[in-house]
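K.L.:
The following file, structure_5.tsv, comprises TSV, C-alpha atoms:
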chain	number	residue	atom	x	y	z
A	16	MET	CA	339.68	76.68	138.24
A	17	SER	CA	339.94	77.63	134.59
A	18	ARG	CA	340.79	81.23	133.74
A	19	MET	CA	337.93	83.31	132.33
A	20	ILE	CA	338.52	85.04	129.02
A	21	GLU	CA	336.63	88.23	128.27
A	22	TYR	CA	335.77	89.03	124.66
A	23	GLU	CA	333.44	91.07	122.55
A	24	TRP	CA	332.29	90.52	118.99
A	25	ASN	CA	334.46	92.77	116.89
A	26	LEU	CA	336.87	92.45	113.98
A	27	GLY	CA	339.75	91.48	116.25
A	28	THR	CA	337.79	88.55	117.71
A	29	ILE	CA	336.74	87.35	114.27
A	30	VAL	CA	340.32	87.53	112.96
A	31	LYS	CA	341.49	85.51	115.96
A	32	LEU	CA	338.80	82.90	115.30
A	33	VAL	CA	339.78	82.65	111.64
A	34	LEU	CA	343.47	82.34	112.51
A	35	SER	CA	342.66	79.72	115.16
A	36	ALA	CA	340.69	77.77	112.54
A	37	MET	CA	343.71	77.99	110.23
A	38	ARG	CA	345.98	76.75	113.02
A	39	LEU	CA	343.69	73.78	113.63
A	40	TYR	CA	343.24	72.95	109.94
A	41	LEU	CA	346.96	73.22	109.20
A	42	GLY	CA	347.73	71.07	112.23
A	43	GLY	CA	345.13	68.47	111.22
A	44	TRP	CA	346.47	68.38	107.67
A	45	MET	CA	350.04	67.91	108.90
A	46	ILE	CA	348.99	65.09	111.24
A	47	MET	CA	347.02	63.34	108.48
A	48	SER	CA	349.86	63.65	105.98
A	49	GLY	CA	352.51	62.40	108.40
A	50	THR	CA	350.34	59.58	109.71
A	51	SER	CA	349.51	58.35	106.21
A	52	TYR	CA	353.21	58.01	105.38
A	53	TRP	CA	354.04	56.14	108.59
A	54	LEU	CA	351.07	53.80	108.16
A	55	THR	CA	352.55	52.78	104.80
A	56	GLN	CA	356.01	52.36	106.32
A	57	LEU	CA	354.52	50.13	109.00
A	58	GLY	CA	352.75	48.01	106.38
A	59	LEU	CA	349.29	49.21	107.39
A	60	PRO	CA	346.49	50.52	105.14
A	61	THR	CA	347.29	54.09	104.24
A	62	ILE	CA	345.04	57.16	104.31
A	63	PHE	CA	346.12	58.27	100.84
A	64	PRO	CA	348.83	57.07	98.45
A	65	GLN	CA	352.00	59.10	98.73
A	66	PRO	CA	352.09	61.39	95.67
A	67	VAL	CA	355.29	61.08	93.66
A	68	GLY	CA	354.81	64.12	91.44
A	69	ASN	CA	353.36	64.88	88.04
A	70	THR	CA	356.50	66.18	86.36
A	71	PRO	CA	360.00	64.65	86.11
A	72	GLU	CA	361.50	67.28	88.45
A	73	SER	CA	358.80	66.80	91.08
A	74	SER	CA	359.08	63.01	90.83
A	75	GLN	CA	362.85	63.14	91.14
A	76	MET	CA	362.64	65.27	94.27
A	77	LEU	CA	359.90	63.25	95.99
A	78	VAL	CA	361.17	59.79	95.07
A	79	THR	CA	364.72	60.73	96.06
A	80	MET	CA	363.59	62.20	99.38
A	81	ILE	CA	361.67	59.01	100.13
A	82	GLU	CA	364.42	56.64	98.98
A	83	VAL	CA	367.20	58.35	100.95
A	84	GLY	CA	365.05	58.36	104.09
A	85	LEU	CA	364.57	62.12	104.38
A	86	PHE	CA	360.80	61.64	104.38
A	87	ASP	CA	361.09	59.78	107.68
A	88	ILE	CA	362.26	63.04	109.23
A	89	VAL	CA	359.82	65.22	107.27
A	90	LYS	CA	356.79	63.11	108.17
A	91	THR	CA	357.81	62.84	111.82
A	92	CYS	CA	358.12	66.64	111.92
A	93	GLU	CA	354.68	66.93	110.31
A	94	ILE	CA	353.11	64.85	113.06
A	95	LEU	CA	355.04	66.66	115.79
A	96	GLY	CA	354.28	70.13	114.42
A	97	GLY	CA	350.68	69.18	113.70
A	98	LEU	CA	350.10	67.97	117.26
A	99	MET	CA	351.55	71.22	118.62
A	100	LEU	CA	349.15	73.25	116.49
A	101	VAL	CA	346.06	71.15	117.20
A	102	PHE	CA	346.63	70.96	120.96
A	103	ASN	CA	347.71	74.62	121.14
A	104	ARG	CA	350.98	73.81	122.84
A	105	PHE	CA	354.38	75.18	121.75
A	106	VAL	CA	352.56	76.81	118.81
A	107	PRO	CA	355.36	79.21	117.72
A	108	LEU	CA	357.78	76.27	117.67
A	109	GLY	CA	355.24	74.07	115.84
A	110	LEU	CA	354.83	76.74	113.19
A	111	ILE	CA	358.60	76.95	112.70
A	112	ILE	CA	358.76	73.15	112.35
A	113	CYS	CA	355.95	73.21	109.79
A	114	LEU	CA	357.24	76.21	107.79
A	115	PRO	CA	360.00	74.48	105.75
A	116	ILE	CA	357.63	71.59	105.07
A	117	SER	CA	354.78	73.78	103.85
A	118	GLY	CA	357.31	75.86	101.90
A	119	VAL	CA	358.58	72.78	100.05
A	120	VAL	CA	355.00	71.61	99.47
A	121	TRP	CA	354.26	75.01	97.87
A	122	TYR	CA	357.47	74.86	95.79
A	123	ASN	CA	356.63	71.35	94.63
A	124	ALA	CA	353.04	72.28	93.73
A	125	ILE	CA	353.77	75.54	91.93
A	126	ILE	CA	357.34	75.55	90.68
A	127	LEU	CA	357.91	71.85	90.04
A	128	ASN	CA	354.38	70.81	89.05
A	129	HIS	CA	353.60	74.07	87.21
A	130	ARG	CA	350.19	74.51	88.82
A	131	PHE	CA	350.29	78.28	88.44
A	132	ASP	CA	346.54	78.31	87.84
A	133	ARG	CA	346.06	77.15	91.43
A	134	LEU	CA	348.44	79.65	93.00
A	135	PHE	CA	345.64	81.15	95.10
A	136	SER	CA	343.12	78.30	95.03
A	137	PRO	CA	341.53	78.34	98.51
A	138	THR	CA	340.76	74.62	98.38
A	139	TYR	CA	344.23	73.50	97.30
A	140	MET	CA	346.31	72.63	100.33
A	141	GLY	CA	349.40	72.34	98.10
A	142	VAL	CA	349.55	76.14	98.36
A	143	MET	CA	347.18	76.99	101.21
A	144	CYS	CA	349.28	75.16	103.80
A	145	PHE	CA	352.13	77.61	103.16
A	146	TYR	CA	349.89	80.68	103.25
A	147	MET	CA	348.15	79.48	106.42
A	148	ASN	CA	351.51	78.78	108.01
A	149	ILE	CA	352.70	82.34	107.32
A	150	LEU	CA	349.43	83.98	108.37
A	151	VAL	CA	349.29	82.11	111.67
A	152	MET	CA	352.95	82.91	112.28
A	153	LEU	CA	352.09	86.60	111.88
A	154	ALA	CA	349.61	86.20	114.72
A	155	TYR	CA	352.48	84.96	116.91
A	156	VAL	CA	354.99	87.52	115.66
A	157	LYS	CA	355.78	88.72	119.18
A	158	TYR	CA	357.56	85.41	119.77
A	159	TYR	CA	359.66	85.79	116.62
A	160	ALA	CA	360.39	89.49	116.88
A	161	PRO	CA	363.53	88.98	119.05
A	162	LEU	CA	365.02	86.92	116.20
A	163	LEU	CA	365.14	90.10	114.14
A	164	LEU	CA	367.49	91.94	116.49
A	165	PRO	CA	370.27	93.23	114.22
A	166	LYS	CA	372.93	93.35	116.92
A	167	THR	CA	373.12	90.56	119.46
A	168	THR	CA	375.53	89.32	122.11
A	169	MET	CA	376.39	85.84	123.31
A	170	GLY	CA	374.90	84.77	126.60
A	171	GLY	CA	376.13	82.54	129.38
A	172	LEU	CA	375.28	79.18	130.87
A	173	LYS	CA	372.65	80.75	133.09
A	174	ASP	CA	370.63	81.52	129.96
A	175	PHE	CA	369.75	77.83	129.71
A	176	GLY	CA	367.59	78.47	132.75
A	177	LYS	CA	365.34	80.52	130.48
A	178	ILE	CA	364.48	77.33	128.58
A	179	PHE	CA	363.18	75.78	131.79
A	180	ASP	CA	361.41	79.04	132.66
A	181	ALA	CA	359.64	78.87	129.29
A	182	LEU	CA	358.74	75.18	129.78
A	183	ARG	CA	357.28	76.11	133.18
A	184	GLY	CA	355.07	78.66	131.45
A	185	LYS	CA	357.01	81.79	132.33
A	186	SER	CA	356.72	83.79	129.14
A	187	PRO	CA	359.62	85.93	127.95
A	188	VAL	CA	357.13	88.24	126.20
A	189	VAL	CA	354.24	90.33	127.48
A	190	GLU	CA	351.16	88.08	127.30
A	191	GLY	CA	347.50	88.88	126.85
A	192	GLU	CA	347.79	91.76	124.41
B	27	MET	CA	329.46	100.16	123.45
B	28	ALA	CA	329.88	96.50	122.49
B	29	THR	CA	328.67	93.86	124.95
B	30	LYS	CA	331.40	91.94	126.69
B	31	HIS	CA	331.12	88.17	127.06
B	32	LYS	CA	333.03	85.68	129.12
B	33	ILE	CA	334.12	82.15	128.36
B	34	SER	CA	336.36	79.87	130.36
B	35	GLU	CA	339.71	78.95	128.88
B	36	ARG	CA	338.91	75.26	129.33
B	37	THR	CA	335.62	75.52	127.40
B	38	LEU	CA	337.38	77.36	124.61
B	39	TYR	CA	340.05	74.67	124.49
B	40	LEU	CA	337.48	71.89	124.35
B	41	ILE	CA	335.63	73.68	121.54
B	42	SER	CA	338.91	73.97	119.63
B	43	LEU	CA	339.49	70.22	120.01
B	44	VAL	CA	336.00	69.48	118.68
B	45	VAL	CA	336.67	71.77	115.70
B	46	ALA	CA	340.02	70.03	115.15
B	47	ALA	CA	338.25	66.63	115.16
B	48	ILE	CA	335.76	67.90	112.55
B	49	PHE	CA	338.64	69.22	110.44
B	50	LEU	CA	340.45	65.89	110.72
B	51	GLY	CA	337.33	64.10	109.52
B	52	ASN	CA	337.04	66.50	106.60
B	53	ILE	CA	340.72	66.12	105.66
B	54	TYR	CA	340.39	62.33	105.86
B	55	TYR	CA	337.39	62.45	103.54
B	56	GLN	CA	339.17	64.76	101.09
B	57	LEU	CA	342.28	62.59	100.97
B	58	HIS	CA	340.95	59.06	101.38
B	59	ILE	CA	337.45	58.92	99.93
B	60	ALA	CA	336.84	61.86	97.57
B	61	PRO	CA	339.72	61.20	95.13
B	62	GLY	CA	338.34	57.71	94.32
B	63	TRP	CA	341.71	55.97	94.41
B	64	GLN	CA	342.12	52.77	92.43
B	65	TRP	CA	343.32	50.73	95.39
B	66	GLY	CA	345.33	47.67	94.50
B	67	PRO	CA	348.81	46.18	94.67
B	68	ALA	CA	350.29	48.88	92.40
B	69	ILE	CA	349.31	51.85	94.50
B	70	ASP	CA	351.36	53.66	97.15
B	71	LYS	CA	354.71	52.17	96.24
B	72	MET	CA	357.87	53.77	95.01
B	73	PRO	CA	358.27	53.20	91.24
B	74	ARG	CA	361.12	50.69	91.51
B	75	HIS	CA	359.37	48.85	94.34
B	76	MET	CA	356.21	48.68	92.26
B	77	ILE	CA	358.11	47.34	89.22
B	78	SER	CA	359.84	44.76	91.44
B	79	ASP	CA	356.42	43.52	92.57
B	80	PHE	CA	355.16	43.64	88.98
B	81	ARG	CA	358.09	41.49	87.83
B	82	ALA	CA	357.64	39.07	90.74
B	83	GLU	CA	354.03	38.44	89.75
B	84	ILE	CA	354.99	37.73	86.12
B	85	TYR	CA	358.25	35.85	86.37
B	86	GLU	CA	358.14	34.25	89.82
B	87	ASN	CA	354.43	33.65	90.38
B	88	ASN	CA	353.68	33.09	86.67
B	89	LYS	CA	350.69	35.44	86.93
B	90	GLY	CA	351.23	37.72	83.94
B	91	GLY	CA	347.47	38.15	83.41
B	92	TYR	CA	347.01	39.26	86.98
B	93	ALA	CA	349.95	41.68	86.62
B	94	LEU	CA	348.39	43.09	83.47
B	95	ALA	CA	345.10	43.71	85.24
B	96	GLU	CA	346.47	45.08	88.51
B	97	PHE	CA	349.66	46.91	87.60
B	98	ILE	CA	348.91	48.35	84.16
B	99	ASP	CA	346.45	51.14	83.50
B	100	PRO	CA	343.69	50.01	81.09
B	101	LYS	CA	344.55	53.01	78.91
B	102	ALA	CA	348.29	52.40	78.99
B	103	GLU	CA	350.30	52.86	75.80
B	104	PHE	CA	352.27	49.74	74.93
B	105	ASP	CA	352.62	47.15	72.21
B	106	ARG	CA	350.77	44.20	73.65
B	107	ALA	CA	352.48	41.77	71.23
B	108	ALA	CA	355.91	42.83	72.50
B	109	PHE	CA	355.02	41.61	75.99
B	110	PRO	CA	353.93	37.98	75.56
B	111	GLU	CA	354.62	37.28	79.24
B	112	LEU	CA	351.54	39.31	80.27
B	113	ALA	CA	349.33	36.23	80.45
B	114	ASP	CA	348.86	33.76	83.26
B	115	ASN	CA	351.09	30.67	83.06
B	116	SER	CA	353.15	32.19	80.26
B	117	GLY	CA	356.23	30.35	81.51
B	118	TYR	CA	358.68	33.21	81.01
B	119	LYS	CA	361.62	33.71	83.32
B	120	SER	CA	363.57	36.92	83.63
B	121	THR	CA	367.06	37.63	84.86
B	122	LEU	CA	368.23	41.19	85.40
B	123	VAL	CA	371.32	42.00	83.35
B	124	ARG	CA	371.82	45.27	85.24
B	125	PRO	CA	370.11	46.59	88.36
B	126	MET	CA	366.85	48.41	87.68
B	127	ILE	CA	367.34	52.13	87.13
B	128	GLY	CA	364.73	54.52	88.48
B	129	ASP	CA	364.49	58.25	87.89
B	130	GLY	CA	361.33	59.80	89.25
B	131	ARG	CA	358.42	57.80	87.84
B	132	ASP	CA	360.51	56.27	85.02
B	133	VAL	CA	362.05	52.87	85.49
B	134	VAL	CA	364.37	51.07	83.07
B	135	VAL	CA	364.71	47.30	83.24
B	136	PHE	CA	367.53	45.59	81.33
B	137	HIS	CA	366.82	41.87	81.50
B	138	LYS	CA	367.10	38.52	79.78
B	139	LEU	CA	363.87	36.69	78.94
B	140	GLU	CA	363.83	32.93	78.72
B	141	LYS	CA	361.15	30.38	77.98
B	142	ALA	CA	361.41	26.68	77.29
B	143	GLY	CA	361.36	26.04	73.54
B	144	GLU	CA	362.22	29.64	72.64
B	145	ALA	CA	365.51	31.35	72.02
B	146	PRO	CA	366.41	33.61	74.95
B	147	LYS	CA	366.38	37.32	74.24
B	148	THR	CA	367.77	40.32	76.01
B	149	VAL	CA	365.45	43.31	76.24
B	150	ILE	CA	365.36	46.80	77.68
B	151	ASP	CA	362.00	47.97	79.00
B	152	PHE	CA	361.27	51.64	79.54
B	153	ILE	CA	358.40	51.83	81.96
B	154	HIS	CA	356.54	54.92	83.09
B	155	ILE	CA	354.27	54.98	86.13
B	156	GLY	CA	351.14	57.11	85.86
B	157	PRO	CA	350.54	60.07	88.15
B	158	ARG	CA	347.42	58.70	89.82
B	159	GLY	CA	346.64	55.16	90.81
B	160	GLY	CA	350.27	54.05	90.73
B	161	ARG	CA	349.79	52.00	87.58
B	162	ILE	CA	352.01	51.72	84.51
B	163	ASP	CA	350.76	54.06	81.79
B	164	GLN	CA	353.50	53.54	79.20
B	165	MET	CA	355.89	50.72	78.31
B	166	ILE	CA	358.37	50.49	75.47
B	167	ARG	CA	360.44	47.38	74.83
B	168	TYR	CA	363.67	47.30	72.85
B	169	VAL	CA	365.16	43.95	71.90
B	170	VAL	CA	368.94	43.90	72.14
B	171	GLU	CA	370.59	42.37	69.11
B	172	GLU	CA	373.39	40.08	70.17
Take the structure from the file and write it as structure tokens.

P.N.:
Amino acid sequence: MSRMIEYEWNLGTIVKLVLSAMRLYLGGWMIMSGTSYWLTQLGLPTIFPQPVGNTPESSQMLVTMIEVGLFDIVKTCEILGGLMLVFNRFVPLGLIICLPISGVVWYNAIILNHRFDRLFSPTYMGVMCFYMNILVMLAYVKYYAPLLLPKTTMGGLKDFGKIFDALRGKSPVVEGE
Amino acid sequence: MATKHKISERTLYLISLVVAAIFLGNIYYQLHIAPGWQWGPAIDKMPRHMISDFRAEIYENNKGGYALAEFIDPKAEFDRAAFPELADNSGYKSTLVRPMIGDGRDVVVFHKLEKAGEAPKTVIDFIHIGPRGGRIDQMIRYVVEE
């Protein structure tokens, strides 16, 4: 039987709903972007033509990334990360996978294409994907907090068991708060 | 005191999937339909790939008129008289003197043009692909003096 979740309508609930919507939209956008690229590569009708930039620097970066095959990795990561976000599985990992992609999308849109006027445009996913990625990551900060330990020690082979513990659903952090 | 409600995790998950499907539909609309893409053979290709196809239509398939209509933006800047091969059945053949050079959306083609009854000429074409629609928006041809 499915677990019952208790909630009440307050600011915390609304923030969670907004962040969940961001997670779903970001995931959907990543899936669509990655799928469009692979449809083209497979010789099928695409969802949208792959942009190749509006300035020489942006074009050089995008065309080079595509021609050297780096986009194969990027677009596969987009689909993988997007599926994790949409299906609410491995979300902290999905957000880490998506972060460098959304960061480069932001860099390309603002720094390389000089769209400073759209720096905070809520309808422009060239920047919003990065902001959404960061905001949703903040909601999962408890999973990233251990990465900020200033002093760490090496572990042993038995630590690999923790990977399987995590895959079995045994959380290393306190859940439900 | 605020009223507490209950919802099953499964219901919440199903609702999230429905929302995700709506979002996907919206993203598809925003990317596929709303921009009003000029779909055609020029679109969604890397610049050098697009120019290769453009050249194939003109010099291999002898369809320069078709290439003009499908691969060149109607508002493109170029000297029409400098490109006599942009007409169907023009009879021009082209041989690359050097491999095509691409840098971003700029492509340079160094090639030799030949047509029966005309003296062959070597030319360098500087071609720029437009930002939307994938079509050529600027072409400059330099004739190499031999």

K.L.:
Between atom CA of B:Asn87 and atom CA of B:Asp129, what is the distance, to one decimal in Å?

P.N.:
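Distance between the two atoms: 26.7 Å.
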
K.L.:
Kindly determine which residues of chain A lie within 6 Å of chain B, considering all atoms listed in the file, and give the answer as a list in words.

P.N.:
Ser17, Arg18, Met19, Ile20, Glu21, Tyr22, Glu23, Leu39, Tyr40, Gly43, Ile62, Phe63, Pro64, Gln65, Asn69, Pro71, Ser74, Gln75 and Val78 of chain A

K.L.:
So, counting all atoms listed in the file, which residue among B:Glu171, B:Asp114, B:Glu140, B:Asp163 is closest to B:Gly90?

P.N.:
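Of B:Glu171, B:Asp114, B:Glu140, B:Asp163, the one nearest B:Gly90, counting all atoms listed in the file, is B:Asp114.
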
K.L.:
Using only C-alpha atoms, collect all residues at a distance of at most 12 Å from (345.8, 75.8, 99.7) as written in the file, then present them as a VMD selection string.

P.N.:
chain A and resid 37 40 to 41 44 117 to 118 120 to 121 124 to 125 130 133 to 148

K.L.:
I need the residues from that last selection saved to file as a PDB file, keeping the file's coordinate frame (with C-alpha atoms), if you can.

P.N.:
ATOM      1  CA  MET A  37     343.710  77.990 110.230  1.00  0.00           C
ATOM      2  CA  TYR A  40     343.240  72.950 109.940  1.00  0.00           C
ATOM      3  CA  LEU A  41     346.960  73.220 109.200  1.00  0.00           C
ATOM      4  CA  TRP A  44     346.470  68.380 107.670  1.00  0.00           C
ATOM      5  CA  SER A 117     354.780  73.780 103.850  1.00  0.00           C
ATOM      6  CA  GLY A 118     357.310  75.860 101.900  1.00  0.00           C
ATOM      7  CA  VAL A 120     355.000  71.610  99.470  1.00  0.00           C
ATOM      8  CA  TRP A 121     354.260  75.010  97.870  1.00  0.00           C
ATOM      9  CA  ALA A 124     353.040  72.280  93.730  1.00  0.00           C
ATOM     10  CA  ILE A 125     353.770  75.540  91.930  1.00  0.00           C
ATOM     11  CA  ARG A 130     350.190  74.510  88.820  1.00  0.00           C
ATOM     12  CA  ARG A 133     346.060  77.150  91.430  1.00  0.00           C
ATOM     13  CA  LEU A 134     348.440  79.650  93.000  1.00  0.00           C
ATOM     14  CA  PHE A 135     345.640  81.150  95.100  1.00  0.00           C
ATOM     15  CA  SER A 136     343.120  78.300  95.030  1.00  0.00           C
ATOM     16  CA  PRO A 137     341.530  78.340  98.510  1.00  0.00           C
ATOM     17  CA  THR A 138     340.760  74.620  98.380  1.00  0.00           C
ATOM     18  CA  TYR A 139     344.230  73.500  97.300  1.00  0.00           C
ATOM     19  CA  MET A 140     346.310  72.630 100.330  1.00  0.00           C
ATOM     20  CA  GLY A 141     349.400  72.340  98.100  1.00  0.00           C
ATOM     21  CA  VAL A 142     349.550  76.140  98.360  1.00  0.00           C
ATOM     22  CA  MET A 143     347.180  76.990 101.210  1.00  0.00           C
ATOM     23  CA  CYS A 144     349.280  75.160 103.800  1.00  0.00           C
ATOM     24  CA  PHE A 145     352.130  77.610 103.160  1.00  0.00           C
ATOM     25  CA  TYR A 146     349.890  80.680 103.250  1.00  0.00           C
ATOM     26  CA  MET A 147     348.150  79.480 106.420  1.00  0.00           C
ATOM     27  CA  ASN A 148     351.510  78.780 108.010  1.00  0.00           C
TER      28      ASN A 148
END

K.L.:
Please provide as a PyMOL selection string all residues within 12 Å of A:Gly184, with the sequence filter that same-chain residues fewer than 5 positions apart are discarded (counting only C-alpha atoms).

P.N.:
chain A and resi 104-105+177-179+190

K.L.:
Find the spatial neighbours of stretch 95-102 of chain A, counting all atoms listed in the file, within a cut-off of 7 Å - ignore same-chain residues fewer than 5 positions away - and output them as an NGL selection string.

P.N.:
(:A and (38-39 or 42-43 or 45-46 or 109-110 or 112-113)) or (:B and (46))

K.L.:
Within 7 Å of (352.9, 79.9, 111.9), in the coordinates the file gives, what residues turn up when you count only C-alpha atoms, written out as a ChimeraX atom specification?

P.N.:
/A:107,110-111,148-153

K.L.:
Have a look at atom CA of A:Met76 and atom CA of B:Ile127 and let me know their distance in Å, one decimal.

P.N.:
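Here the two named atoms are 15.7 Å from each other.
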
K.L.:
Grab all the atoms of stretch 123-126 of chain B that the file lists, wrap them in a box along x, y and z, add 5 Å per side, and give me centre plus edge lengths in Å (one decimal) as JSON.

P.N.:
{"center_x": 369.3, "center_y": 45.2, "center_z": 85.9, "size_x": 15.0, "size_y": 16.4, "size_z": 15.0}

K.L.:
Taking only C-alpha atoms into account, name the residue in B:Asn88, B:Asp151, B:Val133, B:Glu103 that is nearest to B:Asn115.

P.N.:
B:Asn88

K.L.:
Identify, on the basis of only C-alpha atoms, every residue whose closest approach to A:Asn128 does not exceed 8 Å; exclude the query and any residue fewer than 4 positions from it along the same chain; express the result as a PyMOL selection string.

P.N.:
chain A and resi 68-70+72-73+123-124
